[in-house]
>>> print(open('final_29.pdb').read())   # PDB, C-alpha atoms
ATOM      1  CA  MET A   1     103.041 111.450  99.958
ATOM      2  CA  ILE A   2     102.910 112.308 103.654
ATOM      3  CA  GLN A   3     100.316 114.983 104.350
ATOM      4  CA  ARG A   4     101.355 117.801 106.681
ATOM      5  CA  LEU A   5      99.229 119.292 109.429
ATOM      6  CA  SER A   6     100.010 122.358 111.476
ATOM      7  CA  PRO A   7     101.547 121.401 114.848
ATOM      8  CA  VAL A   8      98.443 122.395 116.808
ATOM      9  CA  VAL A   9      96.006 120.630 114.475
ATOM     10  CA  ALA A  10      98.188 117.510 114.365
ATOM     11  CA  LEU A  11      98.394 117.279 118.152
ATOM     12  CA  LEU A  12      94.682 117.852 118.613
ATOM     13  CA  ALA A  13      93.953 115.129 116.036
ATOM     14  CA  LEU A  14      94.939 112.673 118.752
ATOM     15  CA  LEU A  15      91.845 113.793 120.679
ATOM     16  CA  ALA A  16      89.297 112.540 118.165
ATOM     17  CA  PRO A  17      86.732 110.279 119.878
ATOM     18  CA  LEU A  18      88.364 107.123 121.176
ATOM     19  CA  PRO A  19      86.877 103.707 120.437
ATOM     20  CA  ALA A  20      83.946 102.600 122.569
ATOM     21  CA  GLY A  21      85.015 100.990 125.814
ATOM     22  CA  ALA A  22      88.215 103.024 126.161
ATOM     23  CA  GLY A  23      90.299 101.804 129.080
ATOM     24  CA  ALA A  24      91.537 103.293 132.303
ATOM     25  CA  LEU A  25      94.819 104.616 130.868
ATOM     26  CA  SER A  26      93.234 106.865 128.250
ATOM     27  CA  ASP A  27      90.488 107.915 130.679
ATOM     28  CA  LEU A  28      93.143 109.089 133.123
ATOM     29  CA  LEU A  29      95.988 110.512 131.036
ATOM     30  CA  MET A  30      93.959 111.875 128.122
ATOM     31  CA  ALA A  31      91.277 113.454 130.294
ATOM     32  CA  PRO A  32      90.552 117.054 129.293
ATOM     33  CA  GLY A  33      91.395 119.926 131.582
ATOM     34  CA  LEU A  34      94.162 118.403 133.689
ATOM     35  CA  PHE A  35      95.926 121.799 133.619
ATOM     36  CA  ALA A  36      92.753 123.908 133.481
ATOM     37  CA  ASP A  37      93.232 125.310 136.992
ATOM     38  CA  ALA A  38      96.959 125.999 136.671
ATOM     39  CA  PRO A  39      97.675 129.666 137.505
ATOM     40  CA  ALA A  40      99.372 131.800 134.875
ATOM     41  CA  GLY A  41     103.134 131.383 135.196
ATOM     42  CA  ARG A  42     103.093 127.759 136.256
ATOM     43  CA  SER A  43     105.278 125.525 134.098
ATOM     44  CA  VAL A  44     106.542 121.967 133.840
ATOM     45  CA  ALA A  45     109.641 120.939 131.906
ATOM     46  CA  TYR A  46     110.871 117.671 130.429
ATOM     47  CA  ALA A  47     114.346 116.750 129.220
ATOM     48  CA  GLU A  48     114.030 115.204 125.770
ATOM     49  CA  ASP A  49     116.498 112.885 124.045
ATOM     50  CA  LEU A  50     115.734 111.853 120.486
ATOM     51  CA  THR A  51     117.440 109.536 117.997
ATOM     52  CA  VAL A  52     115.860 109.261 114.549
ATOM     53  CA  PRO A  53     116.704 106.913 111.645
ATOM     54  CA  ASP A  54     118.332 108.478 108.584
ATOM     55  CA  GLY A  55     116.010 110.605 106.491
ATOM     56  CA  GLY A  56     112.984 112.646 107.470
ATOM     57  CA  THR A  57     112.584 116.132 108.806
ATOM     58  CA  LEU A  58     113.172 115.107 112.431
ATOM     59  CA  ARG A  59     116.735 113.980 111.740
ATOM     60  CA  ASP A  60     118.278 117.211 113.024
ATOM     61  CA  VAL A  61     116.212 117.211 116.228
ATOM     62  CA  THR A  62     118.311 115.539 118.902
ATOM     63  CA  GLY A  63     116.550 116.753 122.004
ATOM     64  CA  GLY A  64     116.552 119.606 124.459
ATOM     65  CA  VAL A  65     113.876 120.723 126.895
ATOM     66  CA  VAL A  66     110.134 120.709 126.259
ATOM     67  CA  ARG A  67     108.258 123.151 128.473
ATOM     68  CA  LEU A  68     104.525 123.587 129.086
ATOM     69  CA  GLU A  69     103.527 126.983 130.477
ATOM     70  CA  ALA A  70     100.187 128.249 131.773
ATOM     71  CA  VAL A  71      99.560 131.642 130.140
ATOM     72  CA  GLU A  72      96.766 133.987 129.112
ATOM     73  CA  ASP A  73      95.812 134.200 125.445
ATOM     74  CA  ALA A  74      93.373 136.971 124.491
ATOM     75  CA  GLY A  75      92.361 137.166 128.133
ATOM     76  CA  GLU A  76      91.609 133.445 128.412
ATOM     77  CA  PRO A  77      93.637 130.782 130.235
ATOM     78  CA  ALA A  78      95.782 128.820 127.818
ATOM     79  CA  LEU A  79      98.709 126.421 127.636
ATOM     80  CA  ARG A  80     101.830 127.236 125.637
ATOM     81  CA  LEU A  81     104.155 124.453 124.523
ATOM     82  CA  VAL A  82     107.760 125.340 123.693
ATOM     83  CA  ARG A  83     110.817 123.286 122.687
ATOM     84  CA  GLU A  84     114.149 124.709 123.805
ATOM     85  CA  SER A  85     117.352 123.639 122.064
ATOM     86  CA  ASP A  86     120.749 125.304 121.761
ATOM     87  CA  GLY A  87     119.485 127.961 124.165
ATOM     88  CA  LYS A  88     116.714 129.038 121.786
ATOM     89  CA  PRO A  89     112.949 128.653 122.193
ATOM     90  CA  HIS A  90     110.968 127.018 119.374
ATOM     91  CA  PRO A  91     107.216 127.480 119.936
ATOM     92  CA  VAL A  92     105.122 124.408 119.191
ATOM     93  CA  GLY A  93     101.704 125.935 119.785
ATOM     94  CA  THR A  94      99.206 127.483 122.188
ATOM     95  CA  PHE A  95      96.205 125.450 123.281
ATOM     96  CA  PRO A  96      92.990 126.075 125.242
ATOM     97  CA  ALA A  97      93.487 125.290 128.930
ATOM     98  CA  GLY A  98      90.750 122.655 128.777
ATOM     99  CA  VAL A  99      92.455 120.278 126.337
ATOM    100  CA  ALA A 100      94.233 117.062 127.284
ATOM    101  CA  ASN A 101      97.878 117.224 128.331
ATOM    102  CA  PRO A 102      99.737 118.884 125.398
ATOM    103  CA  LEU A 103     103.031 117.328 126.529
ATOM    104  CA  LEU A 104     101.601 113.829 126.106
ATOM    105  CA  LEU A 105     100.109 114.792 122.741
ATOM    106  CA  TYR A 106     103.469 116.257 121.625
ATOM    107  CA  PHE A 107     105.274 113.043 122.544
ATOM    108  CA  LEU A 108     102.778 110.855 120.692
ATOM    109  CA  GLU A 109     102.641 113.093 117.626
ATOM    110  CA  THR A 110     106.454 113.169 117.407
ATOM    111  CA  THR A 111     106.345 109.374 117.280
ATOM    112  CA  VAL A 112     103.578 109.433 114.670
ATOM    113  CA  ARG A 113     105.597 111.796 112.491
ATOM    114  CA  ALA A 114     108.825 109.804 112.779
ATOM    115  CA  THR A 115     107.014 106.547 112.004
ATOM    116  CA  ALA A 116     105.242 108.005 108.973
ATOM    117  CA  GLU A 117     108.431 109.515 107.560
ATOM    118  CA  ALA A 118     110.488 106.350 108.054
ATOM    119  CA  THR A 119     107.871 103.964 106.620
ATOM    120  CA  GLY A 120     106.063 106.137 104.083
ATOM    121  CA  GLY A 121     102.831 105.214 105.835
ATOM    122  CA  SER A 122      99.805 107.393 106.455
ATOM    123  CA  PRO A 123     100.109 109.482 109.634
ATOM    124  CA  TYR A 124      96.344 109.143 110.043
ATOM    125  CA  TYR A 125      96.583 105.353 110.062
ATOM    126  CA  ILE A 126      99.568 105.362 112.435
ATOM    127  CA  ARG A 127      97.920 107.879 114.742
ATOM    128  CA  ASN A 128      94.777 105.756 114.933
ATOM    129  CA  ARG A 129      96.739 102.606 115.821
ATOM    130  CA  ILE A 130      98.474 104.459 118.655
ATOM    131  CA  ARG A 131      95.170 105.864 119.900
ATOM    132  CA  GLU A 132      93.640 102.378 119.834
ATOM    133  CA  ALA A 133      96.562 101.002 121.843
ATOM    134  CA  PHE A 134      95.956 103.703 124.449
ATOM    135  CA  ALA A 135      92.245 102.994 124.506
ATOM    136  CA  ALA A 136      92.840  99.279 125.130
ATOM    137  CA  ALA A 137      95.328  99.755 127.995
ATOM    138  CA  ASP A 138      94.808  99.651 131.740
ATOM    139  CA  LEU A 139      96.880 101.498 134.330
ATOM    140  CA  GLY A 140      99.594  98.876 134.644
ATOM    141  CA  PRO A 141     101.426  97.715 137.766
ATOM    142  CA  GLY A 142     102.509 100.106 140.476
ATOM    143  CA  GLY A 143     104.448  99.683 143.662
ATOM    144  CA  ASP A 144     107.689 101.573 143.132
ATOM    145  CA  PRO A 145     108.900 103.913 145.918
ATOM    146  CA  GLU A 146     107.238 106.905 144.242
ATOM    147  CA  GLY A 147     103.896 105.130 143.945
ATOM    148  CA  SER A 148     104.053 105.414 140.182
ATOM    149  CA  HIS A 149     102.664 103.009 137.608
ATOM    150  CA  ALA A 150     104.412 101.790 134.452
ATOM    151  CA  VAL A 151     102.680 100.887 131.182
ATOM    152  CA  THR A 152     104.100  99.660 127.876
ATOM    153  CA  LEU A 153     102.185  99.678 124.598
ATOM    154  CA  SER A 154     102.993  97.876 121.333
ATOM    155  CA  PRO A 155     100.652  99.547 118.822
ATOM    156  CA  PHE A 156     101.699  97.469 115.793
ATOM    157  CA  ALA A 157     102.141  94.055 117.420
ATOM    158  CA  ARG A 158      99.011  92.655 115.737
ATOM    159  CA  ASP A 159      98.626  95.192 112.975
ATOM    160  CA  PRO A 160      97.692  93.708 109.567
ATOM    161  CA  ASN A 161     100.244  96.046 107.955
ATOM    162  CA  ARG A 162     103.013  95.107 110.346
ATOM    163  CA  ALA A 163     105.193  93.721 107.534
ATOM    164  CA  LYS A 164     105.321  97.191 105.961
ATOM    165  CA  MET A 165     106.429  98.935 109.164
ATOM    166  CA  GLY A 166     110.116  98.001 109.110
ATOM    167  CA  LEU A 167     111.824  98.822 112.404
ATOM    168  CA  PHE A 168     108.618 100.402 113.659
ATOM    169  CA  ALA A 169     106.749  97.095 113.617
ATOM    170  CA  ASP A 170     108.263  96.493 117.058
ATOM    171  CA  LEU A 171     107.706 100.027 118.375
ATOM    172  CA  VAL A 172     107.173 100.079 122.137
ATOM    173  CA  LEU A 173     105.766 103.091 123.974
ATOM    174  CA  GLY A 174     106.456 103.387 127.695
ATOM    175  CA  LEU A 175     104.841 105.641 130.299
ATOM    176  CA  ARG A 176     105.486 106.098 134.007
ATOM    177  CA  PHE A 177     103.028 108.214 135.968
ATOM    178  CA  ASP A 178     101.355 108.776 139.322
ATOM    179  CA  PRO A 179      97.635 107.913 139.052
ATOM    180  CA  GLY A 180      96.948 110.320 141.931
ATOM    181  CA  GLN A 181      98.365 113.215 139.891
ATOM    182  CA  PRO A 182      97.681 112.319 136.247
ATOM    183  CA  GLU A 183      98.978 115.670 134.971
ATOM    184  CA  ARG A 184     102.443 114.690 136.289
ATOM    185  CA  ILE A 185     103.644 112.089 133.817
ATOM    186  CA  LEU A 186     107.093 111.215 135.106
ATOM    187  CA  GLU A 187     108.621 109.632 132.012
ATOM    188  CA  LEU A 188     107.696 108.806 128.422
ATOM    189  CA  SER A 189     109.662 106.678 125.987
ATOM    190  CA  ALA A 190     109.354 105.334 122.446
ATOM    191  CA  ASP A 191     111.754 102.698 121.109
ATOM    192  CA  THR A 192     112.100 100.407 118.138
ATOM    193  CA  ALA A 193     114.393  97.387 118.399
ATOM    194  CA  PRO A 194     117.750  98.210 120.052
ATOM    195  CA  GLY A 195     120.421  99.567 117.760
ATOM    196  CA  GLU A 196     122.022 102.765 116.584
ATOM    197  CA  ASP A 197     119.793 102.979 113.509
ATOM    198  CA  GLY A 198     116.554 102.740 115.453
ATOM    199  CA  TYR A 199     114.137 105.324 116.796
ATOM    200  CA  HIS A 200     114.524 106.256 120.438
ATOM    201  CA  GLU A 201     112.811 109.061 122.300
ATOM    202  CA  LYS A 202     112.715 109.739 126.018
ATOM    203  CA  MET A 203     111.098 112.581 127.914
ATOM    204  CA  VAL A 204     111.734 112.853 131.666
ATOM    205  CA  LEU A 205     110.114 115.328 134.054
ATOM    206  CA  ILE A 206     112.880 117.592 135.379
ATOM    207  CA  ALA A 207     111.221 120.734 136.760
ATOM    208  CA  GLU A 208     107.937 122.093 138.067
ATOM    209  CA  ASP A 209     107.582 125.830 138.787
TER     210      ASP A 209
END
>>> encode(input="final_29.pdb", output="structure tokens")
Amino acid sequence: MIQRLSPVVALLALLAPLPAGAGALSDLLMAPGLFADAPAGRSVAYAEDLTVPDGGTLRDVTGGVVRLEAVEDAGEPALRLVRESDGKPHPVGTFPAGVANPLLLYFLETTVRATAEATGGSPYYIRNRIREAFAAADLGPGGDPEGSHAVTLSPFARDPNRAKMGLFADLVLGLRFDPGQPERILELSADTAPGEDGYHEKMVLIAED
């Protein structure tokens, strides 16, 4: 049986201590406090497209806009994460301003949840494999006109339980970001093998206020 965590607890579970010798990618993109100095009212928004295999509670989520807003919570700076679909807001959670980027955590935890539901695997195990892939990665090549870098991760490529992962055995995570502004991740993607029955998620930065 898949164990459920509250959205905030599940996202923050990705911030458990990383393995020793964590690489440059996790040091940069999972650093705490990237939005700590954002003034109240600042927001960033990502267009999200999501295709999920049959079954699972994410099946009816097809995308929308995911927005991160700097707010005050009980007089303290905080970050509020909201999904907007069909013109309606769906709060994900409110986080201390000093945590790592909640948008990145949301993207990764959505992938964890979809993988666990499709395979029947433990979300804790899947989450740890994704965290380890992050910890092992460097910044990747740059050089595009925007000065951004691109990284791809294959968290189950050498996993001993790969044969039990089905389509998700070949899951590839992609990130494009500007190392000079690590809070501005430009694009995130998660894809199994090509095909209509696979898992595909893309989040693209569309607005900064």
>>> closest_residue(input="final_29.pdb", among="A:Ser26, A:Val66, A:Ala97, A:Glu117", to="A:Ala40", atoms="all atoms listed in the file")
A:Ala97
>>> resolve_selection(input="final_29.pdb", expression="the PyMOL selection byres ((chain A and resi 94) around 6)", output="JSON, numbers by chain")
{"A": [79, 80, 93, 95]}
>>> closest_residue(input="final_29.pdb", among="A:Thr110, A:Ser43, A:Asn101, A:Asn161", to="A:Ile185", atoms="all atoms listed in the file")
A:Asn101
>>> atom_distance(input="final_29.pdb", atom1="atom CA of A:Asp37", atom2="atom CA of A:Thr111")
28.5 Å
>>> resolve_selection(input="final_29.pdb", expression="the PyMOL selection byres ((chain A and resi 158) around 12)", output="PyMOL selection string")
chain A and resi 129+132-133+153-157+159-163+165+169-171
>>> closest_residue(input="final_29.pdb", among="A:Asp138, A:Asp144, A:Glu109, A:Asp73", to="A:Leu25", atoms="only C-alpha atoms")
A:Asp138
>>> resolve_selection(input="final_29.pdb", expression="the PyMOL selection byres ((chain A and resi 152) around 6)", output="NGL selection string")
:A and (151 or 153 or 173-174)
>>> residues_around(input="final_29.pdb", residues="A:Gly41", least_positions_apart="3", cutoff="9 Å", atoms="all atoms listed in the file", output="PDB file with C-alpha atoms, keeping the file's coordinate frame")
ATOM      1  CA  ALA A  38      96.959 125.999 136.671  1.00  0.00           C
ATOM      2  CA  GLU A  69     103.527 126.983 130.477  1.00  0.00           C
ATOM      3  CA  ALA A  70     100.187 128.249 131.773  1.00  0.00           C
ATOM      4  CA  VAL A  71      99.560 131.642 130.140  1.00  0.00           C
ATOM      5  CA  ASP A 209     107.582 125.830 138.787  1.00  0.00           C
TER       6      ASP A 209
END
>>> residues_near_point(input="final_29.pdb", point="(117.7, 100.7, 112.6)", cutoff="12 Å", atoms="all atoms listed in the file", output="ChimeraX atom specification")
/A:51-55,118-119,165-171,191-200
>>> closest_residue(input="final_29.pdb", among="A:Val44, A:Leu139, A:Val82, A:Ile126", to="A:Leu28", atoms="only C-alpha atoms")
A:Leu139
>>> atom_distance(input="final_29.pdb", atom1="atom CA of A:Leu205", atom2="atom CA of A:Arg184")
8.0 Å
>>> atom_distance(input="final_29.pdb", atom1="atom CA of A:Val112", atom2="atom CA of A:Arg131")
10.5 Å
>>> closest_residue(input="final_29.pdb", among="A:His149, A:Arg42, A:Lys164, A:Lys202", to="A:Pro182", atoms="only C-alpha atoms")
A:His149
>>> closest_residue(input="final_29.pdb", among="A:Ala135, A:Ile206, A:Leu81, A:Ala24", to="A:Phe107", atoms="only C-alpha atoms")
A:Leu81
>>> residues_around(input="final_29.pdb", residues="A:Gln181", least_positions_apart="5", cutoff="10 Å", atoms="only C-alpha atoms", output="ChimeraX atom specification")
/A:28-29,34,148
